[in-house]
Amino acid sequence: MGTPDQPWQGFDILEQLAQDLPEFDFHVVGLLKPSYSNVYYHGFLSAEKYLPIMMKCHVCIGTLALFRKNMEEACPLKIREYIANGFPIIIGYKEAMFEDHSHLPEWALEIDPRNPNLVSIREFCVRVKDRIVSNAEAFPLVDSSILEKRRVDFFDSILSQE
C-alpha cells in the first residue's frame with residue numbers, strides 16, 4: 001500500500017523486485033496503472049475493498065525508499081496494520097517498533113532496497129508463506145495503550161535526568 005507521486009514509497013523498487021522474482025505475485029494498493037505479468041495494481045481502495053485482496057497474500061511489503069528522504073528509521077501505520085492482520089513483513093528501513101534490529105522476529109525481513117538480496121527475499125517468502133503473526137506477537141507492537149505507556153515512560157526518564 002502506498003500513495004503515488006511520493007518517491008519514498010519505492011514503487012519502482014517494488015516493480016524491479018517483481019521482475020526479479022517472477023514466481024511471486026505482487027498486489028499494489030494505492031497506485032493505479034495497467035497490471036502486467038505478476039504485478040496487479042488496484043488503485044485507492046477502502047479497507048472494506050483492500051482487506052479481501054490482502055487476505056489472499058502471504059507477505060506484506062513496507063515503504064522501500066525512505067532513503068530518498070534521507071530517512072533510515074520510521075514507523076508507518078501500514079506496517080502495524082499488516083502485523084495486526086497477521087502478516088509477515090518485508091521492510092526497507094529500520095522499523096521503530098523493533099528495539100533490536102540485529103534480532104528481528106522470524107516473520108520480519110529488513111532489506112537494503114538499494115541492493116536487495118534476492119536469495120534472502122525468496123527464502124524468506126518461502127519460509128513464511130503460511131506463517132501468521134499471532135495476536136500475542138503483534139499486540140505488544142501495535143497496541144496503542146502499550147505504545148503510549150512506553151512513550152510516557154521515555155519522557156519520564158528524560159525528565160528525571162534533569
# chains A, B, ... in the order shown; residues from 1 in each chain; ligands from 1

$ residues_around --residues "region 72-81 of chain A" --least-positions-apart "5" --cutoff "9 Å" --atoms "only C-alpha atoms" --output "PyMOL selection string"
chain A and resi 1-2+60-63+66-67+86-87+89+91-97+138+141-142

$ residues_around --residues "region 14-23 of chain A" --least-positions-apart "5" --cutoff "12 Å" --atoms "only C-alpha atoms" --output "JSON, numbers by chain"
{"A": [1, 2, 7, 8, 9, 28, 31, 33, 35, 36, 37, 38, 39, 40, 41, 60, 61, 62, 63, 64, 65, 90, 91, 92, 111, 113, 114, 115, 116, 117, 118, 119, 120, 121, 122, 123, 125, 126]}

$ residues_around --residues "Gly30 (chain A)" --least-positions-apart "6" --cutoff "10 Å" --atoms "only C-alpha atoms" --output "count of residues only"
11

$ select_by_dssp --residues "region 2-148 of chain A" --states "alpha helix (DSSP H)" --output "VMD selection string"
chain A and resid 11 to 20 47 to 54 77 to 84 118 to 127 135 to 142 144 to 148

$ residues_around --residues "Ile132 (chain A)" --least-positions-apart "3" --cutoff "9 Å" --atoms "only C-alpha atoms" --output "PDB file with all heavy atoms, in the first residue's frame"
ATOM      1  N   HIS A  58       0.551 -13.489   1.281  1.00  0.00           N
ATOM      2  CA  HIS A  58       1.316 -14.210   2.295  1.00  0.00           C
ATOM      3  C   HIS A  58       2.290 -13.313   3.045  1.00  0.00           C
ATOM      4  O   HIS A  58       2.625 -13.581   4.196  1.00  0.00           O
ATOM      5  CB  HIS A  58       2.089 -15.371   1.660  1.00  0.00           C
ATOM      6  CG  HIS A  58       1.207 -16.380   1.027  1.00  0.00           C
ATOM      7  ND1 HIS A  58       0.543 -17.341   1.746  1.00  0.00           N
ATOM      8  CD2 HIS A  58       0.841 -16.563  -0.263  1.00  0.00           C
ATOM      9  CE1 HIS A  58      -0.181 -18.091   0.933  1.00  0.00           C
ATOM     10  NE2 HIS A  58      -0.020 -17.633  -0.280  1.00  0.00           N
ATOM     11  N   ILE A  83       0.892  -6.251  10.419  1.00  0.00           N
ATOM     12  CA  ILE A  83       1.183  -7.137  11.546  1.00  0.00           C
ATOM     13  C   ILE A  83      -0.094  -7.449  12.329  1.00  0.00           C
ATOM     14  O   ILE A  83      -0.329  -8.594  12.716  1.00  0.00           O
ATOM     15  CB  ILE A  83       2.264  -6.517  12.453  1.00  0.00           C
ATOM     16  CG1 ILE A  83       3.599  -6.465  11.702  1.00  0.00           C
ATOM     17  CG2 ILE A  83       2.422  -7.307  13.742  1.00  0.00           C
ATOM     18  CD1 ILE A  83       4.649  -5.631  12.390  1.00  0.00           C
ATOM     19  N   ASN A  85      -2.935  -7.713  11.231  1.00  0.00           N
ATOM     20  CA  ASN A  85      -3.713  -8.669  10.434  1.00  0.00           C
ATOM     21  C   ASN A  85      -2.991 -10.005  10.263  1.00  0.00           C
ATOM     22  O   ASN A  85      -3.459 -10.867   9.530  1.00  0.00           O
ATOM     23  CB  ASN A  85      -4.065  -8.074   9.077  1.00  0.00           C
ATOM     24  CG  ASN A  85      -5.253  -7.147   9.164  1.00  0.00           C
ATOM     25  OD1 ASN A  85      -6.372  -7.584   9.394  1.00  0.00           O
ATOM     26  ND2 ASN A  85      -5.013  -5.852   9.017  1.00  0.00           N
ATOM     27  N   GLY A  86      -1.840 -10.162  10.923  1.00  0.00           N
ATOM     28  CA  GLY A  86      -1.156 -11.451  10.949  1.00  0.00           C
ATOM     29  C   GLY A  86      -0.132 -11.693   9.866  1.00  0.00           C
ATOM     30  O   GLY A  86       0.285 -12.831   9.663  1.00  0.00           O
ATOM     31  N   PHE A  87       0.312 -10.638   9.174  1.00  0.00           N
ATOM     32  CA  PHE A  87       1.222 -10.836   8.046  1.00  0.00           C
ATOM     33  C   PHE A  87       2.687 -10.659   8.392  1.00  0.00           C
ATOM     34  O   PHE A  87       3.056  -9.687   9.054  1.00  0.00           O
ATOM     35  CB  PHE A  87       0.875  -9.859   6.918  1.00  0.00           C
ATOM     36  CG  PHE A  87      -0.397 -10.207   6.235  1.00  0.00           C
ATOM     37  CD1 PHE A  87      -1.569  -9.584   6.590  1.00  0.00           C
ATOM     38  CD2 PHE A  87      -0.424 -11.187   5.264  1.00  0.00           C
ATOM     39  CE1 PHE A  87      -2.762  -9.925   5.979  1.00  0.00           C
ATOM     40  CE2 PHE A  87      -1.613 -11.535   4.654  1.00  0.00           C
ATOM     41  CZ  PHE A  87      -2.778 -10.908   5.006  1.00  0.00           C
ATOM     42  N   PRO A  88       3.528 -11.545   7.889  1.00  0.00           N
ATOM     43  CA  PRO A  88       4.965 -11.299   7.901  1.00  0.00           C
ATOM     44  C   PRO A  88       5.250 -10.059   7.038  1.00  0.00           C
ATOM     45  O   PRO A  88       4.471  -9.739   6.131  1.00  0.00           O
ATOM     46  CB  PRO A  88       5.557 -12.555   7.255  1.00  0.00           C
ATOM     47  CG  PRO A  88       4.503 -13.602   7.449  1.00  0.00           C
ATOM     48  CD  PRO A  88       3.198 -12.866   7.350  1.00  0.00           C
ATOM     49  N   TRP A 107       9.381 -13.389  11.486  1.00  0.00           N
ATOM     50  CA  TRP A 107       8.390 -13.003  10.485  1.00  0.00           C
ATOM     51  C   TRP A 107       8.656 -11.616   9.910  1.00  0.00           C
ATOM     52  O   TRP A 107       7.817 -11.048   9.203  1.00  0.00           O
ATOM     53  CB  TRP A 107       6.967 -13.068  11.062  1.00  0.00           C
ATOM     54  CG  TRP A 107       6.809 -12.490  12.431  1.00  0.00           C
ATOM     55  CD1 TRP A 107       6.809 -13.185  13.615  1.00  0.00           C
ATOM     56  CD2 TRP A 107       6.641 -11.109  12.767  1.00  0.00           C
ATOM     57  NE1 TRP A 107       6.647 -12.302  14.664  1.00  0.00           N
ATOM     58  CE2 TRP A 107       6.536 -11.030  14.174  1.00  0.00           C
ATOM     59  CE3 TRP A 107       6.557  -9.927  12.034  1.00  0.00           C
ATOM     60  CZ2 TRP A 107       6.363  -9.822  14.838  1.00  0.00           C
ATOM     61  CZ3 TRP A 107       6.384  -8.729  12.702  1.00  0.00           C
ATOM     62  CH2 TRP A 107       6.290  -8.693  14.079  1.00  0.00           C
ATOM     63  N   VAL A 128       8.062 -18.168   5.211  1.00  0.00           N
ATOM     64  CA  VAL A 128       6.930 -17.625   5.979  1.00  0.00           C
ATOM     65  C   VAL A 128       5.606 -17.674   5.210  1.00  0.00           C
ATOM     66  O   VAL A 128       4.621 -17.083   5.645  1.00  0.00           O
ATOM     67  CB  VAL A 128       7.198 -16.175   6.460  1.00  0.00           C
ATOM     68  CG1 VAL A 128       8.428 -16.127   7.356  1.00  0.00           C
ATOM     69  CG2 VAL A 128       7.299 -15.206   5.299  1.00  0.00           C
ATOM     70  N   LYS A 129       5.580 -18.396   4.115  1.00  0.00           N
ATOM     71  CA  LYS A 129       4.396 -18.410   3.236  1.00  0.00           C
ATOM     72  C   LYS A 129       3.089 -18.621   3.999  1.00  0.00           C
ATOM     73  O   LYS A 129       2.115 -17.927   3.756  1.00  0.00           O
ATOM     74  CB  LYS A 129       4.544 -19.486   2.164  1.00  0.00           C
ATOM     75  CG  LYS A 129       3.355 -19.555   1.236  1.00  0.00           C
ATOM     76  CD  LYS A 129       3.560 -20.596   0.165  1.00  0.00           C
ATOM     77  CE  LYS A 129       2.388 -20.588  -0.778  1.00  0.00           C
ATOM     78  NZ  LYS A 129       1.434 -21.626  -0.516  1.00  0.00           N
TER      79      LYS A 129
END

$ select_by_dssp --residues "chain A" --states "strand (DSSP E)" --output "JSON, numbers by chain"
{"A": [26, 27, 28, 29, 39, 40, 41, 42, 43, 60, 61, 73, 74, 89, 90, 91, 94, 95, 108, 109, 110]}

$ atom_distance --atom1 "CA of Ile53 (chain A)" --atom2 "CA of His27 (chain A)"
7.8 Å

$ atom_distance --atom1 "CA of Asp153 (chain A)" --atom2 "CA of Asn70 (chain A)"
28.4 Å
